[in-house]
Every structure is written in C-alpha cells, then in structure tokens.
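Structure record follows, encoded as structure tokens.
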Amino acid sequence: MSVHFKKKSANTKQDIPTASLPDIIFMLLIFFMVTTVLRETELLVRTTLPQAEAIEKIEQKRLVSYMYIGPEKLEGTQVGEPAVQIDDAIVDDLTEIRNIMYRKVLEEPRMIISMRVDREVETGLLYDVQQELREAETLRINYSTTREAPSGG
Amino acid sequence: MPLLQRRTSREAEIPTASMADIAFLLLIFFLVTTTINVDSGIYMQLPPKLEEDTPPPEIRQRNLLAVLVNSTGDVLVDGEFMQISQIRGEVVRHVTNEGRLPNYSENPDLAIVSFKTERGLPYGRYIEVLDEIKSAYIEIRDDYSRQVAGVDYTTYKGQLGEDDEDAVATKYPIKISLAEPDPGVGGAAAPAG
C-alpha cells in the first residue's frame, strides 16, 4: 500500500509553476492602479464627520466635488474659528463660493458637492454656504457621513 | 563571417526573473496609497434660487409637516414638542396618511416635510434629525416595495432596467424642504438677492 503511494508522489513534480506569477501580480497591480485615488488635497480644517443610518453611496465618483467645513487647524492639536475649504485653499470671503462653484458647474453640470462638515460646526455657517451654492445653481449636495452601527431600533 | 556567427550565438533575451519583484513593489505602493471606500452620505437637493417676484408656491397647511429645531436641540413637529426618536413615526404617519386624519397629508405626492433649524444648532444634531426624516422615507419605500414586488426597495431598484419606471419612487417621492433660513440673524454672509 504505502509503496504505491510513494511511487506516485515520486513521479509527480513537486514545485509550483511560477511562470504565470508576474501576470497575476500585474493583474492585481492594474486593478489597484485603476481604483486608486491619490489624496490630492491637504486638509486645512478639522472634519469629524457625523454618523447617520439613512445613507447612500455616490456611485459616480467623477461627479463629486468636495467642500470641507470645520474649525481651522492650528499648530499642534489646537483648532481655531470655523472655515470653509474648497480644493486646497480656505475661502476667506463666503461670497467667493458662488464664483468658484459656478465655474466648476460649467465644466460638469451634474456635479454633486460632497459636504464634509465637522459635527460641531453651527448650522448657521452651513446655511450661508448653501445660500451661496443656490446662487451658483449647484443644487445637488451630499452631506458626507459615516455609517452608524445599527442600534436596536 | 566570424562576426555574424558570434552575434547569433548570443541570446537576445531580457531577463524576466525580476519582473515579478518589480510588479510586487508597484503593487505594494498602490495597495498602501489606495482608498477603496466610496463616499457615502445623505443626498439632498437644494431648492433653486429664489426669483425676485415669484410668489412662493401655495401649500396647504395639512400637507406640510414642519420640523423645527432650536439651537439647544429641542424639536418641534407641527407645533408639538418631541423627542428625536419620535420624528420618524410622525413622518411615516404624515406621508402615508392618504387623507384619513385631518391634520396630516392628503396624499404622498403632496406631502412635504419642511426642515428648519436655528443657526446655533451643531451640525451633528442637524444630521441626526435629517437622518430620522430620511429613514422614515426609506421605511415607507421599503414597506411599499415589499407590497408590490415582495422585496425591499434597494433590491427592487437593482432589478429595474434602464427605462423602467420606478413605481415606488413615483408613489412616494421624497420631498424634504430645506426651508429658507431667517434673514439677518447673525448676518455673517450677504443674504440672497
């Protein structure tokens, strides 16, 4: 019995064929290259997102434009006054938002603005920003939130 | 002649043994820098810009469910003080009323939930309330979808073709109105107009 086994295993090759390994790795590589999004902006404001249950995913990532609202980051862990950041700069004058957004929406009319707002920012500032967005007619917005762990209710 | 011979004897091959290592290095780089997580959140449509002389659309009082939140987080729904957890049931009752109770909506198509907060309210609380309202709509849509198709709304929507009509969304449109903010309070930005 055991002799038979030995014979069989002795005849078959022991090593895994590695010729296709580069191809497999390349496949994985290409997948990650396609799906990757390099972080292009440095956050100048703190955005601790709130949690919510009733959330949807934005499928068309190309349409998304980000806006960050939160207390400005200072040296160390200190934070300052709430500020609005679009792309890589802080917007000093809120009325500039309409021009910035108007230019953006001309390029992509179906643009969705993802609002990444810190949970402690007062809604007054949010309203001011939204009024500006309405002026620029960028009406599709998304309040970015993280998923809440589903509770009993 | 001897020159030609020497040339043919040499093997003109690129060594491919290190190819896997190079690919691995690149792979690891992209693995580290990648962010797979898709952006998710609560989708809202802002009301269009107000034209100077268009009167606001007339909405009958019973079709409007006014959710007011003050800066300390107290909730007032149609004039009644409420806990945040009660909002969901109230919205469901309002939208699915179909004209039965006199102070709720006439039909889901006319039902509007108006959401307004004081300027001092923290954004976290704002989202909490908005989430409740949105959850109520999702609950209604799921229920109706189970009635007509036997599956929840997300599954139903996934089954729809490109040109199929979304019967659930037509029956229960989400109408959350972000009300006009009070002008002049705080005065941080120039009011519209």
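Going by the structure tokens order, chains are called A, B, ..., each with residues numbered from 1, while ligands are numbered from 1 in the order shown.
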
Please give the complete set of residues from region 3-159 of chain B that DSSP, run on the backbone, assigns to alpha helix (DSSP H), formatted as a PyMOL selection string. chain B and resi 3-9+19-33+84-95+123-148+153-159

What are the closest atom pairs, with distances in Å to one decimal, for each residue of chain A lying within 7 Å of chain B, using only C-alpha atoms, rows by chain and rising residue number, as JSON lines?
{"residue": "A:Leu21", "atom": "CA", "partner": "B:Ala20", "partner_atom": "CA", "distance": 6.7}
{"residue": "A:Pro22", "atom": "CA", "partner": "B:Ala20", "partner_atom": "CA", "distance": 4.5}
{"residue": "A:Ile25", "atom": "CA", "partner": "B:Ala23", "partner_atom": "CA", "distance": 6.2}
{"residue": "A:Phe26", "atom": "CA", "partner": "B:Ala23", "partner_atom": "CA", "distance": 6.1}
{"residue": "A:Leu29", "atom": "CA", "partner": "B:Leu27", "partner_atom": "CA", "distance": 4.8}
{"residue": "A:Phe32", "atom": "CA", "partner": "B:Phe30", "partner_atom": "CA", "distance": 6.0}
{"residue": "A:Met33", "atom": "CA", "partner": "B:Phe30", "partner_atom": "CA", "distance": 6.4}
{"residue": "A:Thr36", "atom": "CA", "partner": "B:Thr34", "partner_atom": "CA", "distance": 4.5}
{"residue": "A:Val37", "atom": "CA", "partner": "B:Thr34", "partner_atom": "CA", "distance": 6.0}
{"residue": "A:Leu38", "atom": "CA", "partner": "B:Thr33", "partner_atom": "CA", "distance": 6.5}
{"residue": "A:Pro50", "atom": "CA", "partner": "B:Gly124", "partner_atom": "CA", "distance": 5.3}
{"residue": "A:Ala52", "atom": "CA", "partner": "B:Asp131", "partner_atom": "CA", "distance": 5.9}
{"residue": "A:Glu53", "atom": "CA", "partner": "B:Asp131", "partner_atom": "CA", "distance": 6.5}
{"residue": "A:Ala54", "atom": "CA", "partner": "B:Ser135", "partner_atom": "CA", "distance": 5.2}
{"residue": "A:Ile55", "atom": "CA", "partner": "B:Gly41", "partner_atom": "CA", "distance": 4.8}
{"residue": "A:Glu56", "atom": "CA", "partner": "B:Ser40", "partner_atom": "CA", "distance": 5.5}
{"residue": "A:Lys57", "atom": "CA", "partner": "B:Ser40", "partner_atom": "CA", "distance": 4.2}
{"residue": "A:Ile58", "atom": "CA", "partner": "B:Ser40", "partner_atom": "CA", "distance": 5.9}
{"residue": "A:Leu94", "atom": "CA", "partner": "B:Ala189", "partner_atom": "CA", "distance": 6.7}
{"residue": "A:Arg119", "atom": "CA", "partner": "B:Gly124", "partner_atom": "CA", "distance": 4.2}
{"residue": "A:Glu120", "atom": "CA", "partner": "B:Pro122", "partner_atom": "CA", "distance": 5.0}
{"residue": "A:Val121", "atom": "CA", "partner": "B:Tyr123", "partner_atom": "CA", "distance": 5.4}
{"residue": "A:Glu122", "atom": "CA", "partner": "B:Pro122", "partner_atom": "CA", "distance": 4.4}
{"residue": "A:Thr123", "atom": "CA", "partner": "B:Arg119", "partner_atom": "CA", "distance": 5.1}
{"residue": "A:Gly124", "atom": "CA", "partner": "B:Arg119", "partner_atom": "CA", "distance": 3.8}
{"residue": "A:Tyr127", "atom": "CA", "partner": "B:Pro181", "partner_atom": "CA", "distance": 6.9}
{"residue": "A:Asp128", "atom": "CA", "partner": "B:Ala189", "partner_atom": "CA", "distance": 6.1}
{"residue": "A:Gln131", "atom": "CA", "partner": "B:Ala192", "partner_atom": "CA", "distance": 6.6}
{"residue": "A:Arg134", "atom": "CA", "partner": "B:Lys49", "partner_atom": "CA", "distance": 5.3}
{"residue": "A:Glu135", "atom": "CA", "partner": "B:Lys49", "partner_atom": "CA", "distance": 5.9}
{"residue": "A:Glu137", "atom": "CA", "partner": "B:Pro48", "partner_atom": "CA", "distance": 6.8}
{"residue": "A:Leu139", "atom": "CA", "partner": "B:Leu46", "partner_atom": "CA", "distance": 4.7}
{"residue": "A:Arg140", "atom": "CA", "partner": "B:Gln45", "partner_atom": "CA", "distance": 4.9}
{"residue": "A:Ile141", "atom": "CA", "partner": "B:Met44", "partner_atom": "CA", "distance": 5.4}
{"residue": "A:Asn142", "atom": "CA", "partner": "B:Tyr43", "partner_atom": "CA", "distance": 4.3}
{"residue": "A:Tyr143", "atom": "CA", "partner": "B:Ile42", "partner_atom": "CA", "distance": 5.0}
{"residue": "A:Ser144", "atom": "CA", "partner": "B:Gly41", "partner_atom": "CA", "distance": 4.2}
{"residue": "A:Thr145", "atom": "CA", "partner": "B:Gly41", "partner_atom": "CA", "distance": 4.7}

Quick one: DSSP strand (DSSP E or B) residues in chain B, as a ChimeraX atom specification? /B:40-45,64-69,75-77,80-82,112-117,122,176-178

Write out as a PyMOL selection string each polymer residue whose atoms come within 8 Å of Ile97 (chain A), counting only C-alpha atoms; drop sequence neighbours fewer than 4 positions from it. chain A and resi 91+93+101+129+132-133
